[in-house]
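Chemist: Sharing model.cif below, mmCIF, C-alpha atoms:
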```cif
data_entry
loop_
_atom_site.label_atom_id
_atom_site.label_comp_id
_atom_site.auth_asym_id
_atom_site.auth_seq_id
_atom_site.Cartn_x
_atom_site.Cartn_y
_atom_site.Cartn_z
CA MET A 16 23.83 -93.55 142.87
CA ASN A 17 21.74 -92.59 145.84
CA TRP A 18 18.43 -93.90 147.09
CA ASP A 19 16.54 -90.98 145.51
CA GLN A 20 17.59 -92.38 142.13
CA VAL A 21 16.29 -95.82 143.06
CA GLU A 22 12.99 -94.35 144.24
CA GLY A 23 12.68 -92.18 141.16
CA ASN A 24 13.33 -95.11 138.83
CA TRP A 25 11.55 -97.78 140.88
CA LYS A 26 10.00 -99.49 137.86
CA GLN A 27 13.48 -100.10 136.47
CA PHE A 28 14.86 -101.34 139.78
CA LYS A 29 11.95 -103.62 140.73
CA GLY A 30 13.34 -106.49 138.67
CA LYS A 31 16.75 -106.17 140.30
CA VAL A 32 15.16 -106.09 143.75
CA LYS A 33 13.17 -109.21 142.93
CA GLU A 34 16.34 -110.97 141.73
CA GLN A 35 17.96 -110.24 145.08
CA TRP A 36 14.95 -110.90 147.31
CA GLY A 37 12.84 -113.42 145.39
CA ASP A 38 10.37 -113.92 148.24
CA LEU A 39 9.03 -110.41 147.69
CA THR A 40 5.99 -110.44 145.44
CA ASP A 41 5.06 -107.95 142.74
CA ASP A 42 2.35 -106.73 145.09
CA HIS A 43 4.96 -106.10 147.82
CA LEU A 44 7.14 -104.22 145.35
CA ASP A 45 4.25 -102.10 144.13
CA LYS A 46 3.38 -101.12 147.71
CA ILE A 47 7.02 -100.39 148.57
CA ALA A 48 7.19 -97.96 145.62
CA GLY A 49 10.91 -97.36 146.13
CA LYS A 50 10.69 -96.44 149.81
CA ARG A 51 13.82 -97.79 151.47
CA ASP A 52 12.25 -98.14 154.93
CA GLN A 53 9.34 -100.12 153.49
CA LEU A 54 11.73 -102.36 151.54
CA SER A 55 13.68 -102.99 154.73
CA GLY A 56 10.50 -103.88 156.62
CA LYS A 57 9.32 -106.32 153.94
CA ILE A 58 12.74 -107.99 153.82
CA GLN A 59 12.68 -108.35 157.62
CA GLU A 60 9.18 -109.78 157.53
CA SER A 61 9.73 -112.12 154.57
CA TYR A 62 13.11 -113.48 155.64
CA GLY A 63 12.82 -113.31 159.44
CA ILE A 64 15.93 -111.19 159.87
CA SER A 65 16.81 -108.18 162.00
CA LYS A 66 16.50 -104.58 160.89
CA GLU A 67 20.29 -104.30 160.96
CA GLU A 68 20.70 -107.31 158.68
CA ALA A 69 18.05 -106.04 156.27
CA GLU A 70 19.76 -102.63 156.12
CA LYS A 71 23.12 -104.32 155.51
CA GLN A 72 21.65 -106.35 152.66
CA ILE A 73 20.11 -103.23 151.11
CA SER A 74 23.39 -101.33 151.39
CA ASP A 75 25.28 -104.21 149.78
CA TRP A 76 22.70 -104.40 147.00
CA GLU A 77 22.87 -100.64 146.48
CA LYS A 78 26.68 -100.81 146.09
CA LYS A 79 26.27 -103.49 143.40
CA GLN A 80 23.84 -101.25 141.53
CA LYS A 81 26.44 -98.48 141.35
CA ASP A 82 28.45 -100.77 139.07
CA VAL A 83 25.42 -101.46 136.87
CA TYR A 84 23.94 -97.94 136.92
CA PRO A 85 26.85 -95.51 137.31
CA ARG A 86 26.08 -91.86 137.97
CA LYS A 87 25.83 -89.68 134.92
#
```
When written as structure tokens, how does the structure in this file appear?
Modeler:
Amino acid sequence: MNWDQVEGNWKQFKGKVKEQWGDLTDDHLDKIAGKRDQLSGKIQESYGISKEEAEKQISDWEKKQKDVYPRK
């Protein structure tokens, strides 16, 4: 799975993103629209963490999704 797949199937992934980062609202997720940089920024803003930490969390989350949504 790559980020293009997440972006292309954002409606499917929104619930999983919200499970991981519950402070993000539906409005945030709609505005992010699958854009990784925007997700990173909202995580930084909502949780008061560094860009590096937000990117690490996204990468870890993305690895977990590979198990759930394997490549076809």
Chemist: Calculate how many Å separate atom CA of A:Gln59 from atom CA of A:Gln27, rounding to one decimal.
Modeler: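 About the pair atom CA of A:Gln59 and atom CA of A:Gln27: they are 22.7 Å apart.
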Chemist: As an exercise, work out the distance from atom CA of A:Glu67 to atom CA of A:Trp36 in Å and give it to one decimal place.
Modeler: 16.1 Å
Chemist: Could you tell me how far atom CA of A:Leu44 sits from atom CA of A:Gln80, in Å to one decimal place?
Modeler: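 Atom CA of A:Gln80 sits 17.4 Å away from atom CA of A:Leu44.
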Chemist: Looking at all atoms listed in the file, which of A:Gly56, A:Tyr62, A:Lys50, A:Gly23 is the one that sits closest to A:Gly37?
Modeler: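 Checking each of A:Gly56, A:Tyr62, A:Lys50, A:Gly23 against A:Gly37, counting all atoms listed in the file, the winner is A:Tyr62.
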Chemist: Please provide as an MDAnalysis selection string all residues within 10 Å of A:Asn24, with the sequence filter that same-chain residues fewer than 6 positions apart are discarded (counting only C-alpha atoms).
Modeler: chainID A and resid 18 48:49
Chemist: Can you work out which one of A:Val32, A:Ser55, A:Lys81, A:Ser61 has the shortest atom-to-atom distance to A:Gln20, counting all atoms listed in the file?
Modeler: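 Using all atoms listed in the file, A:Gln20 sits closest to A:Lys81.
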Chemist: Using only C-alpha atoms, find the one residue out of A:Lys33, A:Lys57, A:Asp52, A:His43 that sits nearest to A:Trp76.
Modeler: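 Closest to A:Trp76 of all the choices is A:Lys33.
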Chemist: Point out the residue among A:Ile64, A:Ile58, A:Ile73, A:Ile47 with the least atom-to-atom distance to A:Asn17, counting only C-alpha atoms.
Modeler: A:Ile73
Chemist: Taking all atoms listed in the file into account, name the residue in A:Glu68, A:Gly63, A:Glu77, A:Asp42 that is nearest to A:Phe28.
Modeler: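 Of A:Glu68, A:Gly63, A:Glu77, A:Asp42, the one nearest A:Phe28 is A:Glu77, counting all atoms listed in the file.
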Chemist: Counting all atoms listed in the file, which residue out of A:Asp75, A:Lys26, A:Glu60, A:Val21 sits closest to A:Asp45?
Modeler: A:Lys26
Chemist: For stretch 41-50 of chain A, what centre and edge lengths in Å (one decimal) does the axis-aligned box get once 6 Å is added on each side of all its listed atoms, as JSON?
Modeler:
```
{"center_x": 6.6, "center_y": -102.2, "center_z": 146.3, "size_x": 20.6, "size_y": 23.5, "size_z": 19.1}
```
